[in-house]
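To be precise, the following lines are entry-v4.pdb, and they hold PDB, C-alpha atoms, pLDDT in the B column.
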```pdb
ATOM      1  CA  MET X   1       1.616  16.971  48.870  1.00 50.00           C
ATOM      2  CA  ARG X   2      -1.893  18.171  49.381  1.00 54.00           C
ATOM      3  CA  TYR X   3      -4.998  16.555  47.965  1.00 57.00           C
ATOM      4  CA  GLY X   4      -8.486  17.858  47.427  1.00 58.00           C
ATOM      5  CA  SER X   5      -9.374  21.311  46.258  1.00 61.00           C
ATOM      6  CA  GLU X   6      -5.879  22.623  46.859  1.00 63.00           C
ATOM      7  CA  ALA X   7      -4.167  20.047  44.599  1.00 67.00           C
ATOM      8  CA  ALA X   8      -1.791  21.373  41.976  1.00 75.00           C
ATOM      9  CA  TYR X   9      -3.553  22.197  38.717  1.00 78.00           C
ATOM     10  CA  ASN X  10      -1.883  20.766  35.634  1.00 81.00           C
ATOM     11  CA  PRO X  11      -3.195  22.402  32.432  1.00 80.00           C
ATOM     12  CA  TYR X  12      -1.339  19.896  30.245  1.00 85.00           C
ATOM     13  CA  MET X  13      -3.674  17.091  31.286  1.00 87.00           C
ATOM     14  CA  GLU X  14      -6.666  18.821  29.678  1.00 90.00           C
ATOM     15  CA  ILE X  15      -5.323  17.918  26.239  1.00 92.00           C
ATOM     16  CA  LEU X  16      -6.350  14.331  26.993  1.00 92.00           C
ATOM     17  CA  TYR X  17      -9.998  15.408  26.633  1.00 92.00           C
ATOM     18  CA  ILE X  18      -9.205  16.100  22.976  1.00 95.00           C
ATOM     19  CA  LEU X  19      -6.588  13.438  22.223  1.00 96.00           C
ATOM     20  CA  ILE X  20      -8.464  10.381  23.513  1.00 97.00           C
ATOM     21  CA  PRO X  21     -11.636  10.951  21.444  1.00 97.00           C
ATOM     22  CA  LEU X  22      -9.502  11.957  18.460  1.00 98.00           C
ATOM     23  CA  GLY X  23      -7.475   8.758  18.799  1.00 98.00           C
ATOM     24  CA  LEU X  24     -10.649   6.685  19.009  1.00 98.00           C
ATOM     25  CA  LEU X  25     -11.968   8.431  15.896  1.00 98.00           C
ATOM     26  CA  VAL X  26      -8.777   7.648  13.954  1.00 98.00           C
ATOM     27  CA  LEU X  27      -8.922   4.044  15.164  1.00 98.00           C
ATOM     28  CA  GLY X  28     -12.546   3.775  14.016  1.00 98.00           C
ATOM     29  CA  ILE X  29     -11.656   5.145  10.568  1.00 98.00           C
ATOM     30  CA  ALA X  30      -8.760   2.673  10.278  1.00 98.00           C
ATOM     31  CA  ILE X  31     -10.985  -0.274  11.221  1.00 98.00           C
ATOM     32  CA  TRP X  32     -13.668   0.887   8.762  1.00 98.00           C
ATOM     33  CA  GLY X  33     -11.057   1.199   6.012  1.00 97.00           C
ATOM     34  CA  PHE X  34      -9.721  -2.290   6.680  1.00 96.00           C
ATOM     35  CA  ILE X  35     -13.212  -3.816   6.644  1.00 97.00           C
ATOM     36  CA  TRP X  36     -14.008  -1.960   3.399  1.00 96.00           C
ATOM     37  CA  ALA X  37     -10.792  -3.232   1.797  1.00 94.00           C
ATOM     38  CA  VAL X  38     -11.553  -6.828   2.757  1.00 94.00           C
ATOM     39  CA  LYS X  39     -15.148  -6.634   1.506  1.00 95.00           C
ATOM     40  CA  THR X  40     -14.168  -5.128  -1.856  1.00 94.00           C
ATOM     41  CA  GLY X  41     -11.538  -7.816  -2.513  1.00 89.00           C
ATOM     42  CA  GLN X  42      -8.390  -5.748  -2.155  1.00 87.00           C
ATOM     43  CA  PHE X  43      -6.577  -8.666  -0.489  1.00 84.00           C
ATOM     44  CA  ASP X  44      -7.811 -11.481  -2.742  1.00 85.00           C
ATOM     45  CA  ASP X  45      -4.678 -11.955  -4.850  1.00 80.00           C
ATOM     46  CA  MET X  46      -1.572 -10.851  -3.022  1.00 77.00           C
ATOM     47  CA  GLU X  47       0.930 -12.873  -5.088  1.00 81.00           C
ATOM     48  CA  GLY X  48      -0.457 -12.331  -8.596  1.00 80.00           C
ATOM     49  CA  PRO X  49       1.012  -8.878  -9.246  1.00 75.00           C
ATOM     50  CA  ALA X  50       4.376  -9.959  -7.851  1.00 76.00           C
ATOM     51  CA  HIS X  51       4.519 -12.903 -10.261  1.00 77.00           C
ATOM     52  CA  ARG X  52       3.026 -10.977 -13.167  1.00 76.00           C
ATOM     53  CA  ILE X  53       5.955  -8.577 -13.252  1.00 76.00           C
ATOM     54  CA  LEU X  54       8.312 -11.509 -13.840  1.00 76.00           C
ATOM     55  CA  MET X  55       6.251 -13.048 -16.628  1.00 74.00           C
ATOM     56  CA  ASP X  56       7.214 -12.315 -20.217  1.00 67.00           C
ATOM     57  CA  ASP X  57       4.465 -10.841 -22.244  1.00 65.00           C
ATOM     58  CA  ASP X  58       4.848 -11.118 -25.970  1.00 62.00           C
ATOM     59  CA  ASP X  59       6.059  -7.594 -26.448  1.00 60.00           C
ATOM     60  CA  ILE X  60       7.126  -6.586 -29.938  1.00 63.00           C
ATOM     61  CA  ARG X  61       9.998  -4.526 -28.563  1.00 64.00           C
ATOM     62  CA  ILE X  62      11.667  -7.595 -27.053  1.00 60.00           C
ATOM     63  CA  PRO X  63      13.776  -9.306 -29.746  1.00 61.00           C
ATOM     64  CA  THR X  64      13.449 -13.061 -30.069  1.00 64.00           C
ATOM     65  CA  ARG X  65      15.811 -15.520 -31.719  1.00 67.00           C
ATOM     66  CA  ASN X  66      13.622 -15.784 -34.782  1.00 67.00           C
ATOM     67  CA  SER X  67      13.507 -12.031 -35.270  1.00 61.00           C
ATOM     68  CA  VAL X  68      17.275 -11.722 -34.779  1.00 58.00           C
ATOM     69  CA  ASN X  69      17.958 -14.558 -37.245  1.00 63.00           C
ATOM     70  CA  SER X  70      15.521 -13.151 -39.776  1.00 64.00           C
ATOM     71  CA  ALA X  71      17.171  -9.731 -39.464  1.00 59.00           C
ATOM     72  CA  LYS X  72      20.584 -11.329 -40.123  1.00 62.00           C
ATOM     73  CA  ASN X  73      19.184 -13.178 -43.136  1.00 62.00           C
ATOM     74  CA  GLN X  74      17.722  -9.996 -44.551  1.00 62.00           C
ATOM     75  CA  ASP X  75      21.055  -8.200 -44.149  1.00 58.00           C
ATOM     76  CA  SER X  76      22.916 -11.049 -45.836  1.00 60.00           C
ATOM     77  CA  ASP X  77      20.495 -11.044 -48.790  1.00 53.00           C
ATOM     78  CA  LYS X  78      21.435  -7.464 -49.669  1.00 54.00           C
TER
END
```
In structure tokens, what does this structure look like?
Amino acid sequence: MRYGSEAAYNPYMEILYILIPLGLLVLGIAIWGFIWAVKTGQFDDMEGPAHRILMDDDDIRIPTRNSVNSAKNQDSDK
């Protein structure tokens, strides 16, 4: 293997001149996005939405015992 000016030229290595700065740019954008998310409070309540989906809200469409019993009483009155 020869070294110096007669070394084998590999054109595939030139892509590194584009990929390394591009990778650093993407890394910088990701770090900026993470810092922005922390500063704006995106990670303040991580468990609230998970628990909120399990909570019953007083929805009219959900029948309760009182509404079922009152419906039976109304049917029996007829």
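Relative to CA of Ile15 (chain X), CA of Ala30 (chain X) is found at 22.3 Å.
For the atom pair formed by CA of Tyr12 (chain X) and CA of Leu24 (chain X), the distance is 19.7 Å, given to one decimal.
Relative to CA of Pro21 (chain X), CA of Phe34 (chain X) is found at 19.9 Å.
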